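As provided, start.cif (mmCIF, C-alpha atoms, pLDDT in the B column; chains and numbers go by the auth columns) reads as follows.
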data_protein
#
loop_
_atom_site.group_PDB
_atom_site.id
_atom_site.type_symbol
_atom_site.label_atom_id
_atom_site.label_comp_id
_atom_site.label_asym_id
_atom_site.label_seq_id
_atom_site.Cartn_x
_atom_site.Cartn_y
_atom_site.Cartn_z
_atom_site.B_iso_or_equiv
_atom_site.auth_seq_id
_atom_site.auth_asym_id
ATOM 1 C CA MET A 1 17.399 -8.441 3.896 42.00 1 A
ATOM 2 C CA ASN A 2 20.613 -6.970 2.614 50.00 2 A
ATOM 3 C CA SER A 3 19.524 -3.372 3.099 75.00 3 A
ATOM 4 C CA ARG A 4 17.234 -1.675 5.539 88.00 4 A
ATOM 5 C CA ILE A 5 13.879 -0.333 4.423 94.00 5 A
ATOM 6 C CA ARG A 6 13.720 3.384 5.143 94.00 6 A
ATOM 7 C CA LEU A 7 10.329 4.425 6.522 95.00 7 A
ATOM 8 C CA VAL A 8 8.920 7.921 7.025 95.00 8 A
ATOM 9 C CA LEU A 9 5.811 8.569 9.117 94.00 9 A
ATOM 10 C CA ILE A 10 3.524 11.505 8.347 93.00 10 A
ATOM 11 C CA ASP A 11 1.263 12.001 11.336 90.00 11 A
ATOM 12 C CA GLY A 12 0.715 14.386 14.223 82.00 12 A
ATOM 13 C CA ASN A 13 0.296 11.796 16.975 86.00 13 A
ATOM 14 C CA GLU A 14 3.445 11.357 19.061 86.00 14 A
ATOM 15 C CA ILE A 15 2.001 8.293 20.798 88.00 15 A
ATOM 16 C CA LEU A 16 1.453 6.603 17.435 88.00 16 A
ATOM 17 C CA ARG A 17 5.021 7.357 16.465 87.00 17 A
ATOM 18 C CA GLU A 18 6.388 5.874 19.688 90.00 18 A
ATOM 19 C CA GLY A 19 4.250 2.775 19.194 90.00 19 A
ATOM 20 C CA ILE A 20 5.612 2.267 15.683 91.00 20 A
ATOM 21 C CA VAL A 21 9.193 2.760 16.899 90.00 21 A
ATOM 22 C CA ARG A 22 8.622 0.094 19.537 91.00 22 A
ATOM 23 C CA ILE A 23 7.231 -2.335 16.950 92.00 23 A
ATOM 24 C CA LEU A 24 10.113 -1.777 14.538 91.00 24 A
ATOM 25 C CA SER A 25 12.676 -2.205 17.312 88.00 25 A
ATOM 26 C CA SER A 26 11.596 -5.850 17.508 86.00 26 A
ATOM 27 C CA HIS A 27 12.026 -6.460 13.782 87.00 27 A
ATOM 28 C CA GLU A 28 15.196 -6.159 11.743 86.00 28 A
ATOM 29 C CA GLY A 29 15.300 -4.567 8.321 92.00 29 A
ATOM 30 C CA ILE A 30 13.001 -1.550 8.757 94.00 30 A
ATOM 31 C CA GLU A 31 14.045 1.806 10.187 92.00 31 A
ATOM 32 C CA LEU A 32 11.951 4.895 10.927 93.00 32 A
ATOM 33 C CA VAL A 33 14.248 7.562 9.492 93.00 33 A
ATOM 34 C CA GLY A 34 11.996 10.590 9.792 92.00 34 A
ATOM 35 C CA PHE A 35 8.577 12.005 10.529 90.00 35 A
ATOM 36 C CA THR A 36 6.570 15.165 10.129 89.00 36 A
ATOM 37 C CA GLN A 37 3.164 16.277 11.302 83.00 37 A
ATOM 38 C CA THR A 38 2.471 19.204 8.980 79.00 38 A
ATOM 39 C CA GLU A 39 1.552 19.481 5.328 77.00 39 A
ATOM 40 C CA ASP A 40 4.309 22.029 4.757 80.00 40 A
ATOM 41 C CA GLY A 41 6.940 19.670 6.149 86.00 41 A
ATOM 42 C CA VAL A 42 6.070 16.660 3.982 89.00 42 A
ATOM 43 C CA VAL A 43 8.137 17.469 0.889 89.00 43 A
ATOM 44 C CA ARG A 44 11.125 18.628 2.960 91.00 44 A
ATOM 45 C CA CYS A 45 10.981 15.445 5.030 92.00 45 A
ATOM 46 C CA ILE A 46 10.950 13.216 1.945 93.00 46 A
ATOM 47 C CA GLU A 47 13.757 15.119 0.247 92.00 47 A
ATOM 48 C CA LYS A 48 15.874 14.939 3.404 93.00 48 A
ATOM 49 C CA ASN A 49 15.354 11.286 4.320 93.00 49 A
ATOM 50 C CA HIS A 50 14.854 9.559 0.937 93.00 50 A
ATOM 51 C CA PRO A 51 12.439 6.921 2.266 94.00 51 A
ATOM 52 C CA ASP A 52 11.474 3.719 0.507 94.00 52 A
ATOM 53 C CA VAL A 53 8.037 3.684 2.107 95.00 53 A
ATOM 54 C CA VAL A 54 5.906 6.521 3.484 95.00 54 A
ATOM 55 C CA LEU A 55 3.227 5.771 6.078 95.00 55 A
ATOM 56 C CA ILE A 56 0.470 8.386 6.260 93.00 56 A
ATOM 57 C CA GLY A 57 -1.374 8.383 9.581 89.00 57 A
ATOM 58 C CA PRO A 58 -4.924 9.432 10.480 84.00 58 A
ATOM 59 C CA THR A 59 -4.197 12.585 12.522 78.00 59 A
ATOM 60 C CA LEU A 60 -3.053 15.336 10.178 76.00 60 A
ATOM 61 C CA LYS A 61 -4.185 18.917 10.707 67.00 61 A
ATOM 62 C CA GLY A 62 -5.851 20.724 7.817 66.00 62 A
ATOM 63 C CA VAL A 63 -5.130 18.032 5.228 74.00 63 A
ATOM 64 C CA THR A 64 -6.222 14.478 4.488 82.00 64 A
ATOM 65 C CA GLY A 65 -4.062 11.435 3.941 86.00 65 A
ATOM 66 C CA VAL A 66 -5.364 11.170 0.382 87.00 66 A
ATOM 67 C CA GLN A 67 -4.212 14.721 -0.364 88.00 67 A
ATOM 68 C CA ILE A 68 -0.756 13.866 0.971 90.00 68 A
ATOM 69 C CA ILE A 69 -0.600 10.759 -1.213 91.00 69 A
ATOM 70 C CA LYS A 70 -1.477 12.806 -4.309 88.00 70 A
ATOM 71 C CA THR A 71 1.274 15.304 -3.481 88.00 71 A
ATOM 72 C CA LEU A 72 3.876 12.595 -2.938 90.00 72 A
ATOM 73 C CA ARG A 73 2.987 10.664 -6.089 85.00 73 A
ATOM 74 C CA GLU A 74 3.282 13.852 -8.152 83.00 74 A
ATOM 75 C CA ARG A 75 6.677 14.785 -6.686 87.00 75 A
ATOM 76 C CA PHE A 76 8.197 11.379 -5.916 88.00 76 A
ATOM 77 C CA GLU A 77 6.942 8.739 -8.351 79.00 77 A
ATOM 78 C CA ASP A 78 9.042 5.901 -6.916 81.00 78 A
ATOM 79 C CA THR A 79 7.864 6.416 -3.340 86.00 79 A
ATOM 80 C CA HIS A 80 5.560 3.719 -1.960 92.00 80 A
ATOM 81 C CA CYS A 81 2.705 5.186 0.083 94.00 81 A
ATOM 82 C CA ILE A 82 0.617 3.357 2.687 94.00 82 A
ATOM 83 C CA LEU A 83 -2.394 4.900 4.386 92.00 83 A
ATOM 84 C CA LEU A 84 -3.046 4.078 8.044 89.00 84 A
ATOM 85 C CA ALA A 85 -6.705 4.755 8.743 82.00 85 A
ATOM 86 C CA ASP A 86 -9.723 3.918 10.859 72.00 86 A
ATOM 87 C CA VAL A 87 -11.610 2.076 8.141 61.00 87 A
ATOM 88 C CA ASP A 88 -15.225 1.095 8.757 56.00 88 A
ATOM 89 C CA ALA A 89 -18.534 0.923 6.931 44.00 89 A
ATOM 90 C CA GLN A 90 -19.004 4.696 7.213 46.00 90 A
ATOM 91 C CA ASN A 91 -15.704 5.719 5.654 54.00 91 A
ATOM 92 C CA GLY A 92 -14.935 2.689 3.491 57.00 92 A
ATOM 93 C CA ASP A 93 -14.497 4.941 0.437 77.00 93 A
ATOM 94 C CA ILE A 94 -11.207 6.141 1.912 82.00 94 A
ATOM 95 C CA VAL A 95 -9.552 2.920 0.721 83.00 95 A
ATOM 96 C CA PHE A 96 -10.728 3.531 -2.834 84.00 96 A
ATOM 97 C CA GLU A 97 -9.677 7.187 -2.740 86.00 97 A
ATOM 98 C CA ALA A 98 -6.233 6.257 -1.402 88.00 98 A
ATOM 99 C CA VAL A 99 -5.631 3.633 -4.110 87.00 99 A
ATOM 100 C CA LYS A 100 -6.947 6.001 -6.787 85.00 100 A
ATOM 101 C CA ALA A 101 -4.523 8.672 -5.529 87.00 101 A
ATOM 102 C CA GLY A 102 -1.617 6.259 -5.870 87.00 102 A
ATOM 103 C CA ALA A 103 -1.309 4.416 -2.547 90.00 103 A
ATOM 104 C CA SER A 104 0.007 0.868 -2.513 89.00 104 A
ATOM 105 C CA GLY A 105 -2.656 0.010 0.059 87.00 105 A
ATOM 106 C CA CYS A 106 -4.026 0.666 3.513 89.00 106 A
ATOM 107 C CA PHE A 107 -3.487 -0.512 7.068 89.00 107 A
ATOM 108 C CA PRO A 108 -6.443 -0.488 9.462 86.00 108 A
ATOM 109 C CA MET A 109 -5.657 0.675 13.005 83.00 109 A
ATOM 110 C CA THR A 110 -6.435 -2.883 14.112 85.00 110 A
ATOM 111 C CA VAL A 111 -3.480 -4.312 12.168 88.00 111 A
ATOM 112 C CA THR A 112 -1.209 -6.540 14.251 91.00 112 A
ATOM 113 C CA PRO A 113 2.507 -5.703 14.552 92.00 113 A
ATOM 114 C CA GLU A 114 3.456 -8.807 12.551 92.00 114 A
ATOM 115 C CA ARG A 115 1.113 -7.947 9.682 91.00 115 A
ATOM 116 C CA PHE A 116 2.230 -4.317 9.887 94.00 116 A
ATOM 117 C CA VAL A 117 5.861 -5.304 9.330 94.00 117 A
ATOM 118 C CA GLU A 118 5.011 -7.898 6.680 92.00 118 A
ATOM 119 C CA GLY A 119 2.907 -5.328 4.830 92.00 119 A
ATOM 120 C CA ILE A 120 5.724 -2.767 4.716 95.00 120 A
ATOM 121 C CA ARG A 121 8.115 -5.390 3.371 93.00 121 A
ATOM 122 C CA SER A 122 5.591 -6.481 0.741 89.00 122 A
ATOM 123 C CA VAL A 123 4.999 -2.923 -0.475 92.00 123 A
ATOM 124 C CA PHE A 124 8.760 -2.294 -0.568 91.00 124 A
ATOM 125 C CA ARG A 125 9.084 -5.303 -2.897 87.00 125 A
ATOM 126 C CA GLY A 126 6.411 -3.818 -5.152 83.00 126 A
ATOM 127 C CA GLY A 127 3.463 -5.746 -3.772 81.00 127 A
ATOM 128 C CA THR A 128 -0.051 -4.621 -2.993 79.00 128 A
ATOM 129 C CA LEU A 129 -1.580 -4.143 0.425 81.00 129 A
ATOM 130 C CA LEU A 130 -5.310 -4.725 0.294 79.00 130 A
ATOM 131 C CA SER A 131 -7.332 -7.107 2.423 74.00 131 A
ATOM 132 C CA PRO A 132 -10.038 -9.175 0.677 69.00 132 A
ATOM 133 C CA GLN A 133 -12.636 -6.828 2.206 72.00 133 A
ATOM 134 C CA ASP A 134 -10.786 -3.722 0.986 74.00 134 A
ATOM 135 C CA THR A 135 -10.386 -5.226 -2.480 74.00 135 A
ATOM 136 C CA THR A 136 -14.141 -5.817 -2.634 72.00 136 A
ATOM 137 C CA LYS A 137 -14.859 -2.204 -1.630 72.00 137 A
ATOM 138 C CA VAL A 138 -12.456 -0.826 -4.229 76.00 138 A
ATOM 139 C CA LEU A 139 -13.879 -3.072 -6.947 72.00 139 A
ATOM 140 C CA GLU A 140 -17.401 -1.920 -6.112 71.00 140 A
ATOM 141 C CA ARG A 141 -16.423 1.751 -6.388 71.00 141 A
ATOM 142 C CA TYR A 142 -14.657 1.234 -9.718 70.00 142 A
ATOM 143 C CA HIS A 143 -17.734 -0.614 -10.952 66.00 143 A
ATOM 144 C CA GLU A 144 -19.949 2.316 -9.936 66.00 144 A
ATOM 145 C CA LEU A 145 -17.720 4.776 -11.771 64.00 145 A
ATOM 146 C CA ALA A 146 -17.666 2.582 -14.862 60.00 146 A
ATOM 147 C CA GLN A 147 -21.451 2.480 -15.176 55.00 147 A
ATOM 148 C CA GLY A 148 -22.577 4.356 -18.266 46.00 148 A
ATOM 149 C CA LYS A 149 -19.045 4.855 -19.556 49.00 149 A
ATOM 150 C CA ASN A 150 -17.890 3.502 -22.909 45.00 150 A
ATOM 151 C CA GLY A 151 -14.195 3.582 -22.142 47.00 151 A
ATOM 152 C CA HIS A 152 -12.489 0.446 -23.480 48.00 152 A
ATOM 153 C CA VAL A 153 -9.341 -1.076 -22.062 53.00 153 A
ATOM 154 C CA HIS A 154 -7.351 -3.278 -24.394 58.00 154 A
ATOM 155 C CA THR A 155 -7.137 -6.841 -23.171 76.00 155 A
ATOM 156 C CA LEU A 156 -3.936 -8.125 -21.629 85.00 156 A
ATOM 157 C CA SER A 157 -1.780 -10.690 -23.349 86.00 157 A
ATOM 158 C CA PHE A 158 -1.326 -14.134 -21.819 85.00 158 A
ATOM 159 C CA ARG A 159 2.089 -13.159 -20.458 89.00 159 A
ATOM 160 C CA GLU A 160 0.789 -9.864 -19.089 90.00 160 A
ATOM 161 C CA ARG A 161 -1.954 -11.735 -17.245 88.00 161 A
ATOM 162 C CA GLU A 162 0.670 -14.010 -15.735 90.00 162 A
ATOM 163 C CA VAL A 163 2.621 -10.970 -14.577 93.00 163 A
ATOM 164 C CA VAL A 164 -0.477 -9.329 -13.055 91.00 164 A
ATOM 165 C CA MET A 165 -1.317 -12.553 -11.225 89.00 165 A
ATOM 166 C CA HIS A 166 2.113 -12.539 -9.610 90.00 166 A
ATOM 167 C CA MET A 167 1.815 -8.812 -8.892 90.00 167 A
ATOM 168 C CA ALA A 168 -1.401 -9.626 -7.012 85.00 168 A
ATOM 169 C CA GLU A 169 0.584 -12.117 -4.939 83.00 169 A
ATOM 170 C CA GLY A 170 2.928 -9.316 -3.875 81.00 170 A
ATOM 171 C CA LEU A 171 5.957 -10.558 -5.802 87.00 171 A
ATOM 172 C CA SER A 172 8.706 -8.176 -6.853 89.00 172 A
ATOM 173 C CA ASN A 173 9.895 -7.852 -10.450 91.00 173 A
ATOM 174 C CA LYS A 174 12.904 -10.028 -9.639 92.00 174 A
ATOM 175 C CA GLN A 175 10.700 -12.728 -8.108 92.00 175 A
ATOM 176 C CA ILE A 176 8.302 -12.627 -11.071 93.00 176 A
ATOM 177 C CA ALA A 177 11.254 -12.958 -13.458 93.00 177 A
ATOM 178 C CA TYR A 178 12.422 -16.054 -11.589 93.00 178 A
ATOM 179 C CA LYS A 179 8.938 -17.587 -11.623 92.00 179 A
ATOM 180 C CA LEU A 180 8.416 -16.984 -15.353 93.00 180 A
ATOM 181 C CA ARG A 181 12.048 -17.668 -16.346 90.00 181 A
ATOM 182 C CA ILE A 182 12.458 -14.320 -18.052 92.00 182 A
ATOM 183 C CA SER A 183 14.684 -11.321 -17.373 92.00 183 A
ATOM 184 C CA THR A 184 13.868 -8.628 -14.821 92.00 184 A
ATOM 185 C CA LYS A 185 14.062 -6.079 -17.638 92.00 185 A
ATOM 186 C CA THR A 186 11.363 -7.978 -19.537 93.00 186 A
ATOM 187 C CA VAL A 187 9.156 -8.011 -16.435 94.00 187 A
ATOM 188 C CA LYS A 188 9.575 -4.248 -16.061 92.00 188 A
ATOM 189 C CA THR A 189 8.485 -3.818 -19.670 93.00 189 A
ATOM 190 C CA HIS A 190 5.406 -5.988 -19.108 93.00 190 A
ATOM 191 C CA VAL A 191 4.497 -4.030 -15.958 93.00 191 A
ATOM 192 C CA ALA A 192 4.823 -0.734 -17.841 91.00 192 A
ATOM 193 C CA HIS A 193 2.559 -2.035 -20.641 91.00 193 A
ATOM 194 C CA ILE A 194 0.017 -3.327 -18.105 92.00 194 A
ATOM 195 C CA MET A 195 -0.176 -0.016 -16.264 89.00 195 A
ATOM 196 C CA LYS A 196 -0.527 1.873 -19.561 88.00 196 A
ATOM 197 C CA LYS A 197 -3.336 -0.399 -20.768 87.00 197 A
ATOM 198 C CA MET A 198 -5.137 -0.230 -17.433 85.00 198 A
ATOM 199 C CA HIS A 199 -4.574 3.538 -17.104 86.00 199 A
ATOM 200 C CA ALA A 200 -3.273 2.763 -13.603 87.00 200 A
ATOM 201 C CA LYS A 201 -1.126 5.021 -11.439 83.00 201 A
ATOM 202 C CA ASN A 202 0.625 2.146 -9.685 86.00 202 A
ATOM 203 C CA ARG A 203 0.779 -1.634 -9.355 88.00 203 A
ATOM 204 C CA THR A 204 -2.000 -1.805 -6.780 86.00 204 A
ATOM 205 C CA GLU A 205 -4.488 0.014 -9.004 85.00 205 A
ATOM 206 C CA ALA A 206 -3.424 -2.100 -11.990 88.00 206 A
ATOM 207 C CA VAL A 207 -4.181 -5.297 -10.065 87.00 207 A
ATOM 208 C CA VAL A 208 -7.537 -3.991 -8.822 84.00 208 A
ATOM 209 C CA LEU A 209 -8.596 -2.925 -12.315 85.00 209 A
ATOM 210 C CA ALA A 210 -7.502 -6.243 -13.806 85.00 210 A
ATOM 211 C CA ILE A 211 -9.683 -8.051 -11.266 82.00 211 A
ATOM 212 C CA ARG A 212 -12.664 -5.767 -11.861 76.00 212 A
ATOM 213 C CA LYS A 213 -12.463 -6.286 -15.604 78.00 213 A
ATOM 214 C CA GLU A 214 -12.195 -10.038 -15.000 77.00 214 A
ATOM 215 C CA LEU A 215 -8.850 -10.194 -16.782 80.00 215 A
ATOM 216 C CA ILE A 216 -7.501 -12.240 -13.881 79.00 216 A
ATOM 217 C CA GLU A 217 -8.969 -14.153 -10.987 71.00 217 A
ATOM 218 C CA ILE A 218 -7.491 -14.394 -7.518 61.00 218 A
ATOM 219 C CA LYS A 219 -8.630 -16.190 -4.418 55.00 219 A
ATOM 220 C CA MET A 220 -9.719 -13.780 -1.711 47.00 220 A
ATOM 221 C CA ASP A 221 -10.380 -16.279 1.045 45.00 221 A
ATOM 222 C CA ARG A 222 -7.274 -15.641 3.082 43.00 222 A
ATOM 223 C CA GLU A 223 -8.094 -15.277 6.733 42.00 223 A
ATOM 224 C CA PRO A 224 -5.876 -14.691 9.763 40.00 224 A
ATOM 225 C CA VAL A 225 -4.465 -17.844 11.286 37.00 225 A
ATOM 226 C CA SER A 226 -6.721 -19.027 14.086 36.00 226 A
ATOM 227 C CA GLY A 227 -5.448 -19.005 17.628 39.00 227 A
ATOM 228 C CA ARG A 228 -4.518 -16.401 20.165 43.00 228 A
ATOM 229 C CA ALA A 229 -5.066 -12.917 18.730 44.00 229 A
ATOM 230 C CA GLU A 230 -1.983 -10.706 18.470 53.00 230 A
ATOM 231 C CA GLU A 231 -1.854 -7.291 20.021 60.00 231 A
ATOM 232 C CA THR A 232 -3.046 -4.796 17.406 61.00 232 A
ATOM 233 C CA LEU A 233 -1.354 -1.556 16.488 60.00 233 A
ATOM 234 C CA SER A 234 -4.127 0.358 18.290 56.00 234 A
ATOM 235 C CA GLU A 235 -3.508 -1.665 21.449 57.00 235 A
ATOM 236 C CA LYS A 236 0.236 -1.161 21.093 56.00 236 A
ATOM 237 C CA VAL A 237 -0.249 2.598 20.876 51.00 237 A
ATOM 238 C CA LEU A 238 -2.600 2.585 23.873 51.00 238 A
ATOM 239 C CA LEU A 239 -0.045 0.657 25.896 55.00 239 A
ATOM 240 C CA GLU A 240 2.642 3.123 24.897 49.00 240 A
ATOM 241 C CA SER A 241 0.467 6.052 26.016 47.00 241 A
ATOM 242 C CA ARG A 242 0.110 4.535 29.458 50.00 242 A
ATOM 243 C CA ARG A 243 3.865 4.292 29.793 53.00 243 A
ATOM 244 C CA MET A 244 4.360 8.006 29.069 48.00 244 A
#
Represent the structure from my file as structure tokens, please.
Amino acid sequence: MNSRIRLVLIDGNEILREGIVRILSSHEGIELVGFTQTEDGVVRCIEKNHPDVVLIGPTLKGVTGVQIIKTLRERFEDTHCILLADVDAQNGDIVFEAVKAGASGCFPMTVTPERFVEGIRSVFRGGTLLSPQDTTKVLERYHELAQGKNGHVHTLSFREREVVMHMAEGLSNKQIAYKLRISTKTVKTHVAHIMKKMHAKNRTEAVVLAIRKELIEIKMDREPVSGRAEETLSEKVLLESRRM
């Protein structure tokens, strides 16, 4: 990459922060430029460090990650937000709430360092960050909310569907332009029209809504490559705590 991705962490766990620093030290192109652990310090931290991506952790006092995402999306529209959370069957709605608030996606605490880094890079390029399981959960919640409602979303044009398909693949506007042999400016216009038609706050929500309304189809059978399991972020943090 020609420029480094500037990352800010919002979380109160020092061990988590040290674990993330250790992971990023092994990968070029991403730099943790700032962090804060309080709700009051969030806006100041963003204004000071101008991050490309904001990672919201699971240990914030007196405020939820979803509330932070809403605040950031209202104040800093171009900021990409990722929620890091302990996602399970009991709190699966957190993924939906995060996407609805404007997050580009979620990392589970079991994410491996490689997927963690790849995910940040994908979101920076304008991609989405939802596992097949998370996508299913979000689709189900949108379906529940849509029951009994008569709201109509205008259909997407053929070109807009092509653009959404590539958005679902995590491609940036520049990459989509290259694929479709059109200008980046034209892609931006298509994306703006798509988000307006879908009443979406960001690209991730636009893709999810397009899938739910069966405007596009994507394969959701991607599974981790078989073989020796990588050390997860949780394990990395645990190891870091033992070193302290």
Given all atoms listed in the file as the counted atoms, nearest of A:Ala98, A:Leu171, A:Ile82, A:Cys45 to Gln67 of chain A: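 Of A:Ala98, A:Leu171, A:Ile82, A:Cys45, the one nearest Gln67 of chain A, counting all atoms listed in the file, is A:Ala98.
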Interatomic distance between atom CA of Gly29 of chain A and atom CA of Thr59 of chain A?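 Computing the Euclidean distance for atom CA of Gly29 of chain A and atom CA of Thr59 of chain A yields 26.3 Å.
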Using all atoms listed in the file, collect all residues at a distance of at most 8 Å from (8.7, -7.1, -12.5) as written in the file, then present them as a list in words.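 In the file's frame, the residues around the point are Val163, Met167, Ser172, Asn173, Lys174, Gln175, Ile176, Ala177, Thr184, Lys185, Thr186, Val187, Lys188, Thr189, His190 and Val191 of chain A.
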Tell me which residues come within 10 Å of (-5.3, -14.1, -8.2), as a PDB file with C-alpha atoms, in the frame of the given file, counting only C-alpha atoms in the file's coordinates.
ATOM      1  CA  ARG A 161      -1.954 -11.735 -17.245  1.00 88.00           C
ATOM      2  CA  GLU A 162       0.670 -14.010 -15.735  1.00 90.00           C
ATOM      3  CA  VAL A 164      -0.477  -9.329 -13.055  1.00 91.00           C
ATOM      4  CA  MET A 165      -1.317 -12.553 -11.225  1.00 89.00           C
ATOM      5  CA  HIS A 166       2.113 -12.539  -9.610  1.00 90.00           C
ATOM      6  CA  MET A 167       1.815  -8.812  -8.892  1.00 90.00           C
ATOM      7  CA  ALA A 168      -1.401  -9.626  -7.012  1.00 85.00           C
ATOM      8  CA  GLU A 169       0.584 -12.117  -4.939  1.00 83.00           C
ATOM      9  CA  VAL A 207      -4.181  -5.297 -10.065  1.00 87.00           C
ATOM     10  CA  ALA A 210      -7.502  -6.243 -13.806  1.00 85.00           C
ATOM     11  CA  ILE A 211      -9.683  -8.051 -11.266  1.00 82.00           C
ATOM     12  CA  ILE A 216      -7.501 -12.240 -13.881  1.00 79.00           C
ATOM     13  CA  GLU A 217      -8.969 -14.153 -10.987  1.00 71.00           C
ATOM     14  CA  ILE A 218      -7.491 -14.394  -7.518  1.00 61.00           C
ATOM     15  CA  LYS A 219      -8.630 -16.190  -4.418  1.00 55.00           C
ATOM     16  CA  MET A 220      -9.719 -13.780  -1.711  1.00 47.00           C
TER      17      MET A 220
END
What separation in Å, quoted to one decimal, exists between atom CA of Glu14 of chain A and atom CA of Arg121 of chain A?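 Atom CA of Arg121 of chain A lies 23.4 Å from atom CA of Glu14 of chain A.
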Between atom CA of Ile30 of chain A and atom CA of Asp52 of chain A, what is the distance, to one decimal in Å? 9.9 Å
Counting all atoms listed in the file, which residue out of A:Leu16, A:Arg181, A:Lys100, A:Ser157 sits closest to Ala206 of chain A? A:Lys100
Smallest atom-to-atom distance to Val117 of chain A: which of A:Asp86, A:Asp134, A:Glu97, A:Glu28, using only C-alpha atoms?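 Counting only C-alpha atoms, the residue closest to Val117 of chain A is A:Glu28.
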